[in-house]
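Structure first, commentary second.
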Amino acid sequence: MIAQKTLTIALLGNPNTGKSTLFNALTGLHQHVGNWPGKTVEKAEGFARLSDGRRIRIVDLPGTYALHAESPEERIACEFLLRGEADAVIVVVDATNLARNLYLVLQALELTDKVVVALNMMDEVEAKGLKMDTQRLRELLGVPVVPMVAVKGEGVMEALQTAVAVAEGVTATRPVQPRYGFLVETCVQKLLPHIQRVVNGQWQKAGRWLALRVLEGDELALAWLARGDGDVRRLLDECRREAEGFGTSLDLEIARSLHEHAETIARAVIAQVHRPTRHWRIGRWSMSISDWTEALDNLLTHRWLGIPLTLAIFGGIFWLTAIGANKPSDLLEGGVSWLMAHLRAFASAIGMPWWLKGVLIDGVVLGVGTIFAVMFPPMLIFYVLYAVLEDFGLVPRIAFNLDSLMQKVGSQGKHCLSCMVSYGCNIPGVLATRVIEDPRVRLIAILTAALNPCNGRWGNLLPLSLLLFGKGAPLVLVALIAISFVAVLFGSWLLSRTVLKGETTLFVLELPPYRKPSLRKLLVNTIWERAVQTQYRALLVAAPFCALIWLLSNLPTDAPFERTITGHLVAALHLVGKPLGLDGSMLTACLFALPAKEIALASLAITYGLQRTLDEPTAVLDFLRSHWTPLSAFTFLVFYALYLPCAYTFVVQAKEAGHWKWAVFAGIFQLAIAVLFTFAVHWGGTALLALWR
Amino acid sequence: MVPAERPEAAGDDLRDETMPLNELRPGQKAILKAIEAPTALAHRLMALGLVPGTEMEVVRTAVFGDPIEVRVRGFRLTLRKRDAQFLKVAIRKEPAS
């Protein structure tokens with residue numbers, strides 16, 4: 001058999017049109033998908049399989065509203081299409097928003113002939129009582145049009161097969177050529193010969209597109225052509241003067257003509273045939289989706305109710321997570337104890353050497369088992385609840401509510417969202433920064449994400465506060481929330497004025513209609529891909545730490561606690577902690593809790609010499625109550641809430657920021673902020689107590 | 001900078017003076033007359049369908065009046081005050097009764 005060239009199909013589309021959903025449905029790769037615009041910042045790649053078994057390369061380009069080359073995401077898309085790497089392009093279109101989406105379609109048609117239009121969310125179009133004449137749309141555009149409901153998998157394979165047919169020339173396309181009126185067309189004709197002289201063969205088709213970009217004043221297009229003759233710039237100035245003579249400008253005329261063309265097409269193919277059909281019912285109430293969206297938005301983005309409601313919803317999620325995880329965690333912990341008893345007996349029975357038994361069973365198995373038992377249930381519950389909110393479309397509303405606050409510290413509304421997610425788990429919190437288009441602000445959000453105490457930390461902050469402060473516990477917890485939020489604001493403010501100084505770019509946020517979460521996506525994507533995989537990787541990172549903790553705490557053998565390596569570490573760190581009001585055991589426990597914040601209590605039990613393994617700490621709470629003063633306890637809680645995330649978070653930060661150096665910086669930066677705040681709390685508290693007496 | 005719309009295309013029922021979009025009250029509708037923003041920003045706004053002659057409606061403002069939510073060409077979009085101030089709009093004259 002003759003080896004065939006693998007075809008490449010690119011996916012293009014506005015943000016939040018279901019492009020990533022289509023990509024996932026085609027490739028089975030799980031790009032993160034949610035009901036919010038702008039998740040695909042870099043382009044993602046995967047392979048799809050046709051019914052005849054052929055592999056097709058699928059490239060998911062960043063979501064963009066237009067094909068200019070002025071923002072990073074548009075540039076990636078433009079350059080990919082210009083290189084001619086794609087054998088065909090599927091432009092994913094939100095059919096409920098046809099006119100605006102056609103703007104990008106028309107621009108794509110100027111760039112390449114090999115286009116297929118995938119009309120997504122056709123079910124919502126029907127629910128709105130609209131009828132779309134796809135045959136007429138196909139005639140008006142000159143390229144195949146495939147109706148699709150990507151979340152349900154309808155039309156997905158048809159879109160791919162049509163694209164393959166177009167790529168192979170089986171289906172011929174005759175794309176419509178948008179016209180721009182006399183002024184712009186004259187200018188294009190003037191520029192074209194000069195541009196065609198500069199660009200080589202494969203860009204011939206793109207000549208007209210390039211001419212239009214030059215006329216718009218697109219700096220990148222000009223730079224691409226700069227190798228050629230200087231005539232282009234001279235002609236451009238000439239054309240601009242001409243436009244000024246008509247009292248207009250070229251970029252405006254181009255945009256206006258294209259929007260008008262798009263609207264004309266949209267008007268020709270859509271007709272309202274009946275009243276909206278699909279309703280959401282709650283009891284006797286029944287409203288169409290757009291009415292629901294309207295009504296819900298009036299509440300959720302209300303000037304005064306919006307923020308309290310947002311906080312209440314997230315408060316509810318955390319509460320459900322904590323309550324729901326209690327029982328499963330207890331059961332799993334019971335399971336771990338049972339397993340440990342049997343493994344220990346088994347190890348003695350076969351005469352396993354003490355060091356191997358220690359490292360493997362008392363170190364790795366016990367450590368990893370304990371972390372799994374306390375970390376996984378809350379993680380699973382939180383991930384699922386959050387995914388539901390995300391699919392539903394709450395996320396952009398939160399960004400809308402909180403943007404003005406974040407603007408003041410050099411960030412933006414979408415950053416707040418990453419903070420809220422981080423309260424559940426820092427890892428999706430870091431991933432949630434992907435919605436931020438501005439790379440500078442995105443980096444600020446990545447670097448400050450872990451200042452928000454996650455579920456694992458709350459799991460220790462809560463019992464410690466209750467134990468040490470009794471009735472004062474709620475006050476202590478509120479203070480901790482406030483301190484961590486101030487730390488995030490302070491950190492962002494500091495970064496945006498020093499390391500990450502820069503200009504604020506356009507902040508655009510779409511508020512899509514609320515949508516029902518998809519169960520299939522929840523099961524496969526959220527539970528399997530996100531919760532299980534994240535837990536698995538976190539445990540892999542944690543395992544060697546657990547072995548190390550055992551070794552440090554049990555060597556040399558049979559030595560009293562003070563003589564073990566951990567004992568020496570505690571003594572050494574005692575000096576470091578003194579100015580902060582922390583003792584060596586507290587700092588060592590924080591160090592031990594790096595693989596997973598959940599094991600802080602067990603670590604405290606080790607570092608106060610109460611036990612040698614990460615077994616469930618039983619005596620430690622009584623010990624701490626008699627050993628810590630309220631001030632030293634609060635100082636510890638502040639440091640523990642802020643200091644560093646779990647080890648796997650660093651891996652994710654490095655990945656998302658694009659370089660491991662940023663993860664190192666994040667660690668140092670965060671530690672510095674934690675030290676600063678702890679220092680202030682300790683000395684402020686000491687001074688207050690002195691005044692009190 | 002993008003100059004104002006061609007005079008012949010302007011409606012008769014519009015007020016002569018323009019104002020920044022962010023000064024509209026929620027519920028008020030207006031016609032976009034000019035985008036007085038730096039080029040790159042103006043291009044991104046135009047790609048979203050904000051070209052002179054387009055009707056815009058302010059749906060609501062967030063706490064502290066920023067950002068604002070606008071309805072334009074059948075979809076809803078939020079813009080910050082600092083970006084919205086570049087969009088000069090004219091509201092319709094009160095209908096003569």
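Naming scheme: A, B, ... for chains in displayed order of the structure tokens; residues 1 onward per chain; ligands 1 onward as shown.
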
Up to 6 Å from chain A, what residues of chain B turn up? Count only C-alpha atoms and give them as an MDAnalysis selection string. chainID B and resid 47 62:63 66 76:79

Would you mind listing what lies within 12 Å of range 84-88 of chain B as a VMD selection string, with only C-alpha atoms counted and same-chain residues fewer than 2 positions away left out? (chain A and resid 506 to 508) or (chain B and resid 1 to 5 16 to 24 30 to 39 41 to 42 45 to 46 50 to 56 58 61 65 to 70 77 to 82 90 to 91)

For the residues selected in the previous step, produce a file with C-alpha atoms as a compact mmCIF listing (two decimals), in the first residue's frame.
# COMPACT_ATOMS: atom_id res chain seq x y z
CA LEU A 506 -8.84 45.78 25.56
CA PHE A 507 -11.00 43.87 28.01
CA VAL A 508 -13.87 42.24 26.19
CA MET B 1 -8.06 57.52 14.90
CA VAL B 2 -11.23 56.79 13.05
CA PRO B 3 -13.16 59.82 11.83
CA ALA B 4 -16.87 60.25 12.25
CA GLU B 5 -19.33 58.56 9.99
CA ASP B 16 -26.22 66.54 16.98
CA GLU B 17 -23.89 66.25 19.93
CA THR B 18 -22.23 62.92 20.74
CA MET B 19 -21.29 61.48 24.10
CA PRO B 20 -19.09 58.63 25.30
CA LEU B 21 -20.92 55.28 25.44
CA ASN B 22 -20.28 54.85 29.15
CA GLU B 23 -22.37 57.94 29.93
CA LEU B 24 -25.56 56.28 28.73
CA ALA B 30 -27.90 55.13 20.86
CA ILE B 31 -26.19 55.04 17.51
CA LEU B 32 -22.42 54.70 17.34
CA LYS B 33 -21.01 57.75 15.55
CA ALA B 34 -17.24 57.46 15.86
CA ILE B 35 -14.47 55.39 17.43
CA GLU B 36 -11.82 57.72 18.78
CA ALA B 37 -9.45 55.00 19.97
CA PRO B 38 -5.84 54.12 19.15
CA THR B 39 -5.65 52.07 15.93
CA LEU B 41 -7.93 49.02 19.85
CA ALA B 42 -10.22 50.53 17.21
CA LEU B 45 -13.70 46.97 18.46
CA MET B 46 -14.62 47.11 14.78
CA LEU B 50 -18.79 48.13 16.54
CA VAL B 51 -18.69 50.25 13.40
CA PRO B 52 -20.24 53.70 13.16
CA GLY B 53 -23.91 53.46 12.35
CA THR B 54 -24.46 50.47 14.65
CA GLU B 55 -27.19 50.68 17.26
CA MET B 56 -26.07 50.02 20.82
CA VAL B 58 -26.53 49.77 27.53
CA THR B 61 -23.52 48.55 34.67
CA GLY B 65 -20.33 51.61 37.24
CA ASP B 66 -17.59 49.56 35.60
CA PRO B 67 -17.64 47.58 33.35
CA ILE B 68 -20.82 48.10 31.34
CA GLU B 69 -22.83 45.51 29.46
CA VAL B 70 -24.05 46.49 26.01
CA LEU B 77 -20.80 42.24 25.34
CA THR B 78 -19.11 43.90 28.25
CA LEU B 79 -16.70 46.76 27.89
CA ARG B 80 -14.66 48.64 30.43
CA LYS B 81 -15.29 52.34 30.97
CA ARG B 82 -11.79 53.12 29.75
CA ALA B 90 -25.61 59.93 19.65
CA ILE B 91 -28.98 59.28 21.25

So which one's closest to Asp615 in chain A, A:Gly667, A:Gly429, A:Pro377, A:Gly363? Using only C-alpha atoms, please. A:Gly363

Distance query Thr564 in chain A at most 8 Å, only C-alpha atoms, self and fewer than 2 positions along chain excluded, as a JSON list (two decimals) with N, CA and C atoms, in the first residue's frame:
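Okay, this is what ended up in around-v7.json:
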[["chain", "number", "residue", "atom", "x", "y", "z"],
["A", 552, "LEU", "N", 13.95, 10.86, 56.99],
["A", 552, "LEU", "CA", 14.42, 11.95, 57.86],
["A", 552, "LEU", "C", 14.00, 11.71, 59.31],
["A", 553, "SER", "N", 12.80, 11.17, 59.49],
["A", 553, "SER", "CA", 12.26, 11.06, 60.84],
["A", 553, "SER", "C", 12.68, 9.78, 61.55],
["A", 554, "ASN", "N", 13.30, 8.84, 60.82],
["A", 554, "ASN", "CA", 13.64, 7.57, 61.43],
["A", 554, "ASN", "C", 15.14, 7.23, 61.38],
["A", 555, "LEU", "N", 15.94, 8.17, 60.89],
["A", 555, "LEU", "CA", 17.39, 7.94, 60.84],
["A", 555, "LEU", "C", 18.07, 8.96, 61.75],
["A", 556, "PRO", "N", 19.13, 8.63, 62.43],
["A", 556, "PRO", "CA", 19.62, 7.26, 62.59],
["A", 556, "PRO", "C", 18.64, 6.40, 63.37],
["A", 559, "ALA", "N", 17.38, 6.28, 67.42],
["A", 559, "ALA", "CA", 17.81, 7.51, 68.11],
["A", 559, "ALA", "C", 16.59, 8.17, 68.71],
["A", 560, "PRO", "N", 16.76, 8.90, 69.84],
["A", 560, "PRO", "CA", 15.63, 9.71, 70.32],
["A", 560, "PRO", "C", 15.31, 10.80, 69.30],
["A", 561, "PHE", "N", 14.09, 11.37, 69.39],
["A", 561, "PHE", "CA", 13.62, 12.30, 68.35],
["A", 561, "PHE", "C", 14.63, 13.42, 68.06],
["A", 562, "GLU", "N", 15.24, 13.98, 69.12],
["A", 562, "GLU", "CA", 16.15, 15.12, 68.94],
["A", 562, "GLU", "C", 17.36, 14.75, 68.10],
["A", 566, "THR", "N", 15.23, 14.78, 61.30],
["A", 566, "THR", "CA", 14.11, 15.70, 61.50],
["A", 566, "THR", "C", 14.33, 16.54, 62.77],
["A", 567, "GLY", "N", 14.79, 15.89, 63.82],
["A", 567, "GLY", "CA", 15.06, 16.60, 65.07],
["A", 567, "GLY", "C", 16.07, 17.71, 64.87],
["A", 568, "HIS", "N", 17.14, 17.41, 64.14],
["A", 568, "HIS", "CA", 18.15, 18.44, 63.86],
["A", 568, "HIS", "C", 17.57, 19.57, 63.01]]

Can you list, as JSON, numbers by chain, every residue of range 203-425 of chain A that DSSP puts in strand (DSSP E or B)? {"A": [270, 271, 272, 279, 280, 281, 282, 285, 286, 287, 288]}

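From CA of Ala165 in chain A back to CA of Arg75 in chain A, the distance works out to 27.5 Å.
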
Can you pull out the residues contacting Lys131 in chain A? Cut-off 9 Å, using only C-alpha atoms, and skip same-chain residues under 3 positions away; I want them as a PyMOL selection string. chain A and resi 125-126+128+269-274

Could you write out the selected residues, including C-alpha atoms, as a PDB file, in the first residue's frame?
ATOM      1  CA  VAL A 125     -31.568  27.939  16.914  1.00  0.00           C
ATOM      2  CA  GLU A 126     -34.590  25.664  16.676  1.00  0.00           C
ATOM      3  CA  LYS A 128     -35.539  29.963  19.562  1.00  0.00           C
ATOM      4  CA  VAL A 269     -30.986  32.616   5.601  1.00  0.00           C
ATOM      5  CA  ILE A 270     -32.700  33.024   8.970  1.00  0.00           C
ATOM      6  CA  ALA A 271     -36.420  33.280   9.450  1.00  0.00           C
ATOM      7  CA  GLN A 272     -38.521  33.336  12.610  1.00  0.00           C
ATOM      8  CA  VAL A 273     -41.012  30.553  11.990  1.00  0.00           C
ATOM      9  CA  HIS A 274     -42.642  30.196  15.381  1.00  0.00           C
TER      10      HIS A 274
END

Interatomic distance between CA of Gly181 in chain A and CA of Cys239 in chain A? 13.9 Å
